[in-house]
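What follows is the content of start.cif (mmCIF, C-alpha atoms and all ligand atoms).
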data_run
loop_
_atom_site.label_atom_id
_atom_site.label_comp_id
_atom_site.auth_asym_id
_atom_site.auth_seq_id
_atom_site.Cartn_x
_atom_site.Cartn_y
_atom_site.Cartn_z
CA MET A 89 3.86 -10.87 8.80
CA THR A 90 1.02 -11.80 11.06
CA GLY A 91 2.20 -15.30 11.96
CA PRO A 92 2.57 -18.68 10.30
CA LEU A 93 0.32 -20.06 7.61
CA VAL A 94 -0.83 -23.39 8.99
CA VAL A 95 -2.34 -26.11 6.81
CA GLU A 96 -3.85 -28.74 9.07
CA ASP A 97 -5.10 -32.18 8.01
CA VAL A 98 -6.56 -30.95 4.71
CA ALA A 99 -8.47 -33.43 2.54
CA LEU A 100 -10.05 -32.81 -0.87
CA SER A 101 -11.31 -35.19 -3.56
CA PHE A 102 -12.58 -34.96 -7.10
CA ALA A 103 -15.04 -37.69 -8.05
CA GLY A 104 -13.42 -40.14 -5.66
CA VAL A 105 -9.83 -39.15 -6.55
CA LYS A 106 -8.06 -37.98 -3.40
CA ALA A 107 -6.29 -34.83 -4.54
CA LEU A 108 -5.26 -34.11 -0.93
CA ASP A 109 -5.37 -36.67 1.83
CA GLY A 110 -4.69 -35.34 5.33
CA VAL A 111 -2.01 -32.81 4.37
CA SER A 112 -0.47 -30.69 7.17
CA PHE A 113 2.44 -28.25 7.07
CA ARG A 114 3.29 -24.74 8.26
CA VAL A 115 4.89 -21.84 6.48
CA GLU A 116 6.88 -19.72 8.90
CA PRO A 117 7.08 -15.92 8.53
CA ARG A 118 9.92 -14.61 6.34
CA THR A 119 10.72 -17.98 4.79
CA VAL A 120 10.62 -19.46 1.31
CA HIS A 121 8.64 -22.70 1.43
CA ALA A 122 8.27 -24.96 -1.61
CA VAL A 123 5.59 -27.54 -2.30
CA ILE A 124 6.91 -30.12 -4.73
CA GLY A 125 5.81 -33.48 -6.09
CA PRO A 126 5.29 -35.36 -9.35
CA ASN A 127 2.45 -34.47 -11.75
CA GLY A 128 -0.93 -34.92 -10.11
CA ALA A 129 0.58 -34.94 -6.60
CA GLY A 130 -1.88 -32.30 -5.34
CA LYS A 131 0.24 -29.12 -5.40
CA THR A 132 -2.24 -26.95 -7.31
CA SER A 133 -5.14 -28.33 -5.26
CA CYS A 134 -3.21 -27.34 -2.14
CA PHE A 135 -2.75 -23.77 -3.42
CA ASN A 136 -6.41 -23.58 -4.34
CA VAL A 137 -7.42 -24.64 -0.84
CA VAL A 138 -5.12 -22.01 0.72
CA CYS A 139 -6.56 -19.28 -1.55
CA GLY A 140 -10.16 -20.33 -0.98
CA VAL A 141 -10.82 -21.45 -4.56
CA TYR A 142 -11.68 -24.87 -3.11
CA THR A 143 -13.15 -25.60 0.32
CA PRO A 144 -11.62 -28.78 1.73
CA GLU A 145 -13.78 -31.65 2.89
CA ARG A 146 -11.74 -31.81 6.05
CA GLY A 147 -9.08 -29.73 7.76
CA THR A 148 -8.31 -26.05 8.09
CA VAL A 149 -5.97 -23.33 6.90
CA THR A 150 -5.13 -20.49 9.27
CA LEU A 151 -2.93 -17.42 8.93
CA GLY A 152 -1.60 -15.97 12.16
CA GLY A 153 -4.36 -17.85 13.98
CA ASN A 154 -7.15 -16.49 11.75
CA ARG A 155 -9.18 -19.18 10.06
CA LEU A 156 -9.15 -18.84 6.26
CA THR A 157 -11.06 -22.02 5.42
CA GLY A 158 -14.61 -21.27 4.34
CA LEU A 159 -13.91 -17.65 3.42
CA PRO A 160 -14.24 -16.47 -0.20
CA PRO A 161 -10.98 -15.84 -2.12
CA HIS A 162 -11.22 -12.02 -1.97
CA ARG A 163 -11.51 -12.09 1.84
CA ILE A 164 -8.55 -14.45 2.07
CA ALA A 165 -6.57 -12.07 -0.17
CA ARG A 166 -7.41 -9.17 2.13
CA LEU A 167 -6.28 -11.20 5.14
CA GLY A 168 -2.81 -11.46 3.62
CA VAL A 169 -2.60 -14.29 1.08
CA GLY A 170 -1.41 -12.97 -2.28
CA ARG A 171 -1.15 -15.03 -5.42
CA ALA A 172 0.68 -14.60 -8.69
CA PHE A 173 -0.85 -16.74 -11.36
CA GLN A 174 0.92 -19.10 -13.70
CA ASN A 175 -0.98 -17.70 -16.66
CA ILE A 176 0.08 -14.16 -17.28
CA ALA A 177 -2.94 -11.85 -17.29
CA LEU A 178 -1.47 -8.38 -17.42
CA SER A 179 -2.96 -5.35 -19.06
CA GLY A 180 -0.64 -5.13 -22.08
CA ARG A 181 -1.27 -1.49 -23.00
CA GLN A 182 -0.87 -0.19 -19.48
CA SER A 183 2.52 0.61 -18.06
CA VAL A 184 4.43 -1.41 -15.51
CA LEU A 185 3.50 1.14 -12.84
CA GLU A 186 -0.20 1.10 -13.77
CA ASN A 187 -0.27 -2.68 -13.68
CA ILE A 188 1.20 -2.69 -10.19
CA LEU A 189 -1.34 -0.06 -9.14
CA LEU A 190 -4.13 -2.34 -10.36
CA GLY A 191 -2.93 -4.86 -7.77
CA ARG A 192 -3.24 -2.19 -5.07
CA HIS A 193 -6.94 -1.58 -5.75
CA VAL A 194 -7.89 -4.10 -3.13
CA LEU A 195 -6.19 -1.88 -0.53
CA THR A 196 -7.49 1.51 -1.67
CA ARG A 197 -9.99 2.78 0.84
CA SER A 198 -11.26 5.99 -0.66
CA GLY A 199 -12.83 4.43 -3.74
CA VAL A 200 -13.53 5.59 -7.25
CA LEU A 201 -16.04 8.33 -6.39
CA ALA A 202 -13.71 10.09 -3.96
CA ALA A 203 -10.86 9.83 -6.45
CA GLY A 204 -13.10 11.27 -9.19
CA LEU A 205 -14.04 14.22 -6.98
CA ARG A 206 -10.35 14.76 -6.23
CA LEU A 207 -10.90 14.74 -2.50
CA PRO A 208 -7.70 15.38 -0.49
CA GLY A 209 -7.66 11.93 1.16
CA ALA A 210 -7.98 10.23 -2.22
CA ARG A 211 -5.20 12.38 -3.73
CA ARG A 212 -2.83 11.54 -0.89
CA GLU A 213 -3.72 7.89 -1.16
CA ALA A 214 -3.08 7.96 -4.91
CA ARG A 215 0.35 9.57 -4.40
CA GLU A 216 1.31 7.10 -1.68
CA GLY A 217 0.06 4.28 -3.88
CA ARG A 218 2.32 5.36 -6.75
CA GLU A 219 5.32 5.66 -4.44
CA ARG A 220 4.74 2.21 -3.01
CA ALA A 221 4.15 0.76 -6.50
CA ALA A 222 7.50 2.19 -7.60
CA GLU A 223 9.17 0.62 -4.53
CA ILE A 224 7.66 -2.75 -5.38
CA ALA A 225 8.87 -2.40 -8.96
CA GLY A 226 12.35 -1.92 -7.49
CA LEU A 227 11.98 -5.06 -5.43
CA VAL A 228 11.36 -7.14 -8.56
CA GLY A 229 13.99 -5.35 -10.65
CA LEU A 230 11.65 -3.32 -12.87
CA SER A 231 12.56 0.22 -11.73
CA ARG A 232 13.96 1.20 -15.10
CA LEU A 233 10.84 0.04 -16.92
CA LEU A 234 8.11 1.84 -14.94
CA ASP A 235 6.59 3.59 -17.97
CA ARG A 236 6.94 0.75 -20.43
CA PRO A 237 3.68 -0.90 -21.59
CA ALA A 238 3.50 -4.36 -20.05
CA GLY A 239 2.91 -5.86 -23.48
CA LEU A 240 6.41 -4.86 -24.56
CA LEU A 241 8.23 -6.58 -21.69
CA SER A 242 10.32 -9.71 -22.10
CA TYR A 243 8.79 -12.97 -20.87
CA GLY A 244 10.83 -12.95 -17.66
CA ASP A 245 9.95 -9.33 -16.89
CA LYS A 246 6.26 -10.07 -17.45
CA LYS A 247 6.43 -12.90 -14.93
CA ARG A 248 8.18 -10.61 -12.43
CA LEU A 249 5.53 -7.93 -13.05
CA GLU A 250 2.86 -10.48 -12.25
CA LEU A 251 4.72 -11.15 -9.01
CA ALA A 252 4.91 -7.40 -8.30
CA ARG A 253 1.19 -7.05 -8.85
CA ALA A 254 0.51 -9.74 -6.26
CA LEU A 255 2.96 -8.00 -3.88
CA ALA A 256 1.06 -4.74 -4.35
CA MET A 257 -1.72 -6.23 -2.23
CA GLU A 258 0.81 -6.20 0.65
CA PRO A 259 0.40 -9.90 1.47
CA SER A 260 1.95 -11.68 4.45
CA VAL A 261 2.32 -14.79 2.31
CA LEU A 262 2.87 -14.75 -1.44
CA LEU A 263 1.90 -17.84 -3.43
CA LEU A 264 3.88 -18.38 -6.63
CA ASP A 265 2.80 -21.04 -9.09
CA GLU A 266 5.83 -22.12 -11.16
CA PRO A 267 7.58 -18.74 -11.10
CA VAL A 268 10.39 -19.80 -13.45
CA ALA A 269 8.44 -22.01 -15.87
CA GLY A 270 9.67 -21.34 -19.40
CA MET A 271 12.60 -19.16 -18.28
CA ASN A 272 16.20 -19.55 -19.42
CA ASP A 273 19.01 -19.91 -16.86
CA GLU A 274 19.72 -16.20 -16.66
CA GLU A 275 16.07 -15.26 -16.11
CA THR A 276 15.73 -18.08 -13.57
CA ALA A 277 18.70 -16.72 -11.61
CA ARG A 278 17.19 -13.21 -11.64
CA THR A 279 13.87 -14.54 -10.40
CA ALA A 280 15.63 -16.50 -7.65
CA GLU A 281 17.17 -13.21 -6.48
CA VAL A 282 13.74 -11.56 -6.55
CA ILE A 283 12.24 -14.37 -4.45
CA ARG A 284 15.03 -13.98 -1.89
CA GLY A 285 14.44 -10.21 -1.91
CA VAL A 286 10.73 -10.67 -1.27
CA ARG A 287 11.63 -12.72 1.80
CA ASP A 288 14.57 -10.67 3.08
CA ARG A 289 13.73 -7.10 2.03
CA ALA A 290 9.92 -7.13 2.04
CA GLY A 291 9.68 -9.62 4.93
CA VAL A 292 7.04 -11.66 3.11
CA ALA A 293 6.80 -15.45 3.31
CA VAL A 294 6.85 -17.09 -0.12
CA LEU A 295 5.07 -20.37 -0.84
CA ILE A 296 6.04 -21.77 -4.23
CA ILE A 297 5.04 -24.66 -6.44
CA GLU A 298 7.92 -25.39 -8.76
CA HIS A 299 9.18 -28.24 -10.93
CA ASP A 300 12.67 -26.73 -11.31
CA MET A 301 14.45 -28.67 -8.57
CA ALA A 302 17.65 -26.64 -8.78
CA LEU A 303 15.68 -23.49 -8.00
CA VAL A 304 13.69 -25.17 -5.22
CA MET A 305 16.84 -26.47 -3.53
CA ASP A 306 18.55 -23.12 -3.99
CA VAL A 307 15.95 -20.69 -2.63
CA SER A 308 13.83 -22.72 -0.19
CA ASP A 309 14.18 -22.73 3.57
CA ARG A 310 11.75 -25.62 3.76
CA VAL A 311 10.25 -28.10 1.33
CA THR A 312 7.01 -30.07 1.58
CA VAL A 313 6.77 -33.07 -0.73
CA LEU A 314 3.42 -34.44 -1.89
CA ASP A 315 2.73 -37.64 -3.78
CA PHE A 316 -0.76 -38.88 -4.66
CA GLY A 317 -2.25 -36.25 -2.36
CA ARG A 318 -0.27 -37.40 0.68
CA LEU A 319 2.56 -35.61 2.39
CA VAL A 320 5.62 -37.83 2.02
CA ALA A 321 8.30 -35.53 3.42
CA ASP A 322 8.71 -32.11 4.99
CA GLY A 323 12.02 -30.56 5.96
CA THR A 324 15.00 -28.55 4.81
CA PRO A 325 16.10 -29.01 1.18
CA ARG A 326 18.97 -31.15 2.45
CA GLU A 327 16.66 -33.37 4.48
CA VAL A 328 14.06 -33.97 1.79
CA ARG A 329 16.68 -34.61 -0.88
CA ARG A 330 17.86 -37.62 1.08
CA HIS A 331 14.42 -38.85 2.11
CA PRO A 332 13.77 -42.38 0.79
CA GLU A 333 10.12 -41.66 -0.05
CA VAL A 334 11.15 -38.57 -2.02
CA LEU A 335 13.80 -40.44 -3.93
CA ARG A 336 11.22 -43.09 -4.71
CA ALA A 337 8.60 -40.56 -5.88
CA TYR A 338 11.13 -38.92 -8.19
CA LEU A 339 13.03 -42.11 -9.05
CA GLY A 340 16.07 -40.44 -7.54
CA GLY A 341 16.83 -38.49 -10.69
CA ALA A 342 15.62 -34.94 -10.17
CA LEU A 343 16.90 -34.62 -6.61
CA GLY A 344 20.13 -36.55 -6.92
CA GLU A 345 22.65 -33.73 -6.95
CA ASP A 346 23.84 -32.88 -3.49
CA THR A 347 25.78 -29.76 -2.59
CA ASP A 348 28.28 -31.69 -0.51
CA GLY A 349 29.23 -33.67 -3.57
CA GLU A 350 27.55 -36.91 -2.50
CA ASP A 351 25.46 -38.48 -5.17
CA THR A 352 22.25 -39.68 -3.60
CA ALA A 353 20.60 -40.64 -6.89
CA GLY A 354 22.01 -44.11 -6.80
CA GLU A 355 21.38 -44.65 -3.10
CA ASP A 356 19.46 -47.75 -2.10
CA THR A 357 16.11 -46.39 -1.02
CA GLY A 358 15.04 -49.64 0.54
CA GLY A 359 11.96 -49.80 -1.69
CA GLU A 360 10.95 -53.05 -3.32
CA ASP A 361 10.16 -51.47 -6.67
CA THR A 362 11.46 -48.00 -7.39
CA GLY A 363 9.83 -48.05 -10.83
CA GLU A 364 6.34 -48.47 -9.43
CA THR A 365 5.53 -44.81 -8.77
CA ALA A 366 6.80 -43.61 -12.11
CA ARG A 367 4.74 -46.20 -13.93
CA ARG A 368 1.65 -45.17 -12.03
CA HIS A 369 2.29 -41.53 -12.91
CA GLU A 370 2.76 -42.42 -16.55
CA GLU A 371 -0.54 -44.30 -16.52
CA ASP A 372 -2.26 -41.27 -14.99
CA LYS A 373 -1.28 -38.99 -17.86
N1 LIG B 401 -10.84 -29.71 -11.11
C1 LIG B 401 -10.52 -31.01 -11.05
N2 LIG B 401 -11.38 -31.96 -11.43
C2 LIG B 401 -11.08 -33.27 -11.33
N3 LIG B 401 -9.90 -33.74 -10.88
C3 LIG B 401 -8.98 -32.83 -10.51
C4 LIG B 401 -9.24 -31.42 -10.57
N4 LIG B 401 -8.14 -30.77 -10.12
C5 LIG B 401 -7.24 -31.71 -9.80
N5 LIG B 401 -7.74 -32.94 -10.02
C6 LIG B 401 -7.06 -34.22 -9.75
O1 LIG B 401 -6.51 -34.13 -8.45
C7 LIG B 401 -5.20 -34.69 -8.42
C8 LIG B 401 -4.20 -33.61 -7.98
O2 LIG B 401 -4.11 -32.63 -9.01
P1 LIG B 401 -3.27 -31.29 -8.87
O3 LIG B 401 -3.55 -30.47 -10.10
O4 LIG B 401 -3.53 -30.67 -7.56
O5 LIG B 401 -1.77 -31.85 -8.91
P2 LIG B 401 -0.40 -31.08 -9.19
O6 LIG B 401 0.58 -31.65 -8.22
O7 LIG B 401 -0.62 -29.62 -9.16
O8 LIG B 401 -0.03 -31.55 -10.66
P3 LIG B 401 0.82 -30.80 -11.82
O9 LIG B 401 2.24 -30.77 -11.36
O10 LIG B 401 0.62 -31.70 -13.00
O11 LIG B 401 0.22 -29.44 -12.00
C9 LIG B 401 -4.94 -35.24 -9.82
O12 LIG B 401 -5.29 -36.62 -9.81
C10 LIG B 401 -5.88 -34.45 -10.68
O13 LIG B 401 -6.24 -35.17 -11.84
#
Just dump the structure as structure tokens.
Amino acid sequence: MTGPLVVEDVALSFAGVKALDGVSFRVEPRTVHAVIGPNGAGKTSCFNVVCGVYTPERGTVTLGGNRLTGLPPHRIARLGVGRAFQNIALSGRQSVLENILLGRHVLTRSGVLAAGLRLPGARREAREGRERAAEIAGLVGLSRLLDRPAGLLSYGDKKRLELARALAMEPSVLLLDEPVAGMNDEETARTAEVIRGVRDRAGVAVLIIEHDMALVMDVSDRVTVLDFGRLVADGTPREVRRHPEVLRAYLGGALGEDTDGEDTAGEDTGGEDTGETARRHEEDK
């Protein structure tokens, strides 16, 4: 990893709606960092700013000191920001291995012509690419399914293949948008292991958006909480779970279970009206 991903004072609006309003946080190398918040909090907008899909009105994003803001998404990807999309867009007829290799295209130097002419450099690159793709498949638990067409995989395996394809670009930071959405408990647990493996075995930082609070609290080293485009808390899972603003944003419910057995859901948050935020979110829908 080249260094931290630093989001600094980022602001973005849509027709007067402040999707992000002065958001700053940093993702340290080799950590799992979650961005959470109620619907419409600005999580997806934040990802889109990091990836270069949106250019913020104010603020910057840097990776290891290199400025990403203002660069097109493909340049940002080459600089080390990988993304696995929420909507699965795999090539169903191609095998697991071939799908991972598609993700490596961005790294292949010798190009299609050289490969077609079977030049030695291209052949070596192709062999190394296949070896690395197989390693990545191992990292996400798909080693035994290398030759299987992606279209025949289970839902959970498809999501993990999508993750592998993003890893094939050899990112320093991997962005995962709801990696366990729609998964049962067993698949969620497998994916949690994969996320830890990406951090610990591949040495890649993982930035996730996720609504599954149990997963977030389980795998994250750090959590950034957004609400109405503003950062309301940033800290370890334990710290944010107890943060009054976080409890207010979530009405205490989703974050109430504490590992030390204390129930923080019923804690007095000091707010005048804990129902206010929820009502506003309901109105927004
Ligand atoms: N392309 C867009 N056009 C107009 N408004 C948008 C657009 N994208 C996001 N917004 C608005 O910006 C705010 C933040 O939205 P965003 O999608 O970033 O939130 P989110 O936290 O990802 O929500 P969710 O959990 O529902 O996906 C919302 O008020 C949303 O309606």
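Atom N1 of ligand LIG 401 (chain B) sits 23.6 Å away from CA of Glu250 in chain A.
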| task | May I have the residues within 10 Å of ligand LIG 401 (chain B), computed using only C-alpha atoms and all ligand atoms, as a VMD selection string? | result | chain A and resid 100 to 108 123 to 137 142 265 to 266 297 to 299 313 to 317 369 372 to 373
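Straight-line separation from CA of Gly168 in chain A to CA of Val261 in chain A: 6.3 Å.
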| said: List as a VMD selection string the protein and nucleic acid residues near range 177-191 of chain A, meaning an atom at most 9 Å away when all atoms listed in the file are counted, but skip any in the same chain fewer than 6 places from it. | reply: chain A and resid 217 to 218 220 to 222 224 to 225 230 233 to 241 246 249 to 250 252 to 257
| query | Of the candidates A:Val111, A:Val328, A:Ala99, A:Val304, which shows the shortest atom-to-atom distance to Ile283 in chain A, using all atoms listed in the file? | reply | A:Val304
Taking N, CA and C atoms as the atom set, what does range 136-164 of chain A look like once completed, written as an mmCIF file, in the coordinates of the input?
data_model
loop_
_atom_site.group_PDB
_atom_site.id
_atom_site.type_symbol
_atom_site.label_atom_id
_atom_site.label_comp_id
_atom_site.auth_asym_id
_atom_site.auth_seq_id
_atom_site.Cartn_x
_atom_site.Cartn_y
_atom_site.Cartn_z
ATOM 1 N N ASN A 136 -5.022 -24.010 -4.201
ATOM 2 C CA ASN A 136 -6.410 -23.580 -4.340
ATOM 3 C C ASN A 136 -7.173 -23.655 -3.025
ATOM 4 N N VAL A 137 -6.796 -24.580 -2.166
ATOM 5 C CA VAL A 137 -7.420 -24.640 -0.840
ATOM 6 C C VAL A 137 -6.944 -23.445 0.001
ATOM 7 N N VAL A 138 -5.656 -23.137 -0.067
ATOM 8 C CA VAL A 138 -5.120 -22.010 0.720
ATOM 9 C C VAL A 138 -5.784 -20.699 0.288
ATOM 10 N N CYS A 139 -5.973 -20.524 -1.024
ATOM 11 C CA CYS A 139 -6.560 -19.280 -1.550
ATOM 12 C C CYS A 139 -8.071 -19.214 -1.425
ATOM 13 N N GLY A 140 -8.704 -20.336 -1.105
ATOM 14 C CA GLY A 140 -10.160 -20.330 -0.980
ATOM 15 C C GLY A 140 -10.893 -20.655 -2.273
ATOM 16 N N VAL A 141 -10.159 -21.041 -3.315
ATOM 17 C CA VAL A 141 -10.820 -21.450 -4.560
ATOM 18 C C VAL A 141 -11.594 -22.750 -4.311
ATOM 19 N N TYR A 142 -10.993 -23.648 -3.526
ATOM 20 C CA TYR A 142 -11.680 -24.870 -3.110
ATOM 21 C C TYR A 142 -11.821 -24.871 -1.592
ATOM 22 N N THR A 143 -12.976 -25.389 -1.122
ATOM 23 C CA THR A 143 -13.150 -25.600 0.320
ATOM 24 C C THR A 143 -12.867 -27.075 0.588
ATOM 25 N N PRO A 144 -11.949 -27.372 1.490
ATOM 26 C CA PRO A 144 -11.620 -28.780 1.730
ATOM 27 C C PRO A 144 -12.749 -29.529 2.424
ATOM 28 N N GLU A 145 -12.770 -30.829 2.211
ATOM 29 C CA GLU A 145 -13.780 -31.650 2.890
ATOM 30 C C GLU A 145 -13.452 -31.766 4.377
ATOM 31 N N ARG A 146 -12.189 -31.659 4.661
ATOM 32 C CA ARG A 146 -11.740 -31.810 6.050
ATOM 33 C C ARG A 146 -10.531 -30.910 6.233
ATOM 34 N N GLY A 147 -10.306 -30.485 7.461
ATOM 35 C CA GLY A 147 -9.080 -29.730 7.760
ATOM 36 C C GLY A 147 -9.267 -28.229 7.646
ATOM 37 N N THR A 148 -8.230 -27.511 8.060
ATOM 38 C CA THR A 148 -8.310 -26.050 8.090
ATOM 39 C C THR A 148 -7.009 -25.419 7.600
ATOM 40 N N VAL A 149 -7.142 -24.165 7.184
ATOM 41 C CA VAL A 149 -5.970 -23.330 6.900
ATOM 42 C C VAL A 149 -6.135 -22.076 7.744
ATOM 43 N N THR A 150 -5.080 -21.722 8.485
ATOM 44 C CA THR A 150 -5.130 -20.490 9.270
ATOM 45 C C THR A 150 -3.903 -19.638 8.947
ATOM 46 N N LEU A 151 -4.056 -18.339 9.097
ATOM 47 C CA LEU A 151 -2.930 -17.420 8.930
ATOM 48 C C LEU A 151 -2.845 -16.567 10.190
ATOM 49 N N GLY A 152 -1.758 -16.707 10.907
ATOM 50 C CA GLY A 152 -1.600 -15.970 12.160
ATOM 51 C C GLY A 152 -2.749 -16.249 13.116
ATOM 52 N N GLY A 153 -3.262 -17.474 13.079
ATOM 53 C CA GLY A 153 -4.360 -17.850 13.980
ATOM 54 C C GLY A 153 -5.739 -17.552 13.422
ATOM 55 N N ASN A 154 -5.831 -16.773 12.339
ATOM 56 C CA ASN A 154 -7.150 -16.490 11.750
ATOM 57 C C ASN A 154 -7.526 -17.596 10.775
ATOM 58 N N ARG A 155 -8.718 -18.094 10.930
ATOM 59 C CA ARG A 155 -9.180 -19.180 10.060
ATOM 60 C C ARG A 155 -9.496 -18.632 8.660
ATOM 61 N N LEU A 156 -8.884 -19.242 7.642
ATOM 62 C CA LEU A 156 -9.150 -18.840 6.260
ATOM 63 C C LEU A 156 -10.174 -19.767 5.610
ATOM 64 N N THR A 157 -10.180 -21.014 6.042
ATOM 65 C CA THR A 157 -11.060 -22.020 5.420
ATOM 66 C C THR A 157 -12.519 -21.571 5.514
ATOM 67 N N GLY A 158 -13.197 -21.649 4.369
ATOM 68 C CA GLY A 158 -14.610 -21.270 4.340
ATOM 69 C C GLY A 158 -14.828 -19.840 3.886
ATOM 70 N N LEU A 159 -13.765 -19.031 3.871
ATOM 71 C CA LEU A 159 -13.910 -17.650 3.420
ATOM 72 C C LEU A 159 -13.754 -17.582 1.896
ATOM 73 N N PRO A 160 -14.412 -16.607 1.251
ATOM 74 C CA PRO A 160 -14.240 -16.470 -0.200
ATOM 75 C C PRO A 160 -12.840 -15.944 -0.537
ATOM 76 N N PRO A 161 -12.350 -16.224 -1.744
ATOM 77 C CA PRO A 161 -10.980 -15.840 -2.120
ATOM 78 C C PRO A 161 -10.643 -14.370 -1.880
ATOM 79 N N HIS A 162 -11.575 -13.440 -2.143
ATOM 80 C CA HIS A 162 -11.220 -12.020 -1.970
ATOM 81 C C HIS A 162 -10.995 -11.672 -0.500
ATOM 82 N N ARG A 163 -11.732 -12.349 0.403
ATOM 83 C CA ARG A 163 -11.510 -12.090 1.840
ATOM 84 C C ARG A 163 -10.159 -12.649 2.271
ATOM 85 N N ILE A 164 -9.825 -13.821 1.734
ATOM 86 C CA ILE A 164 -8.550 -14.450 2.070
ATOM 87 C C ILE A 164 -7.400 -13.563 1.565
#
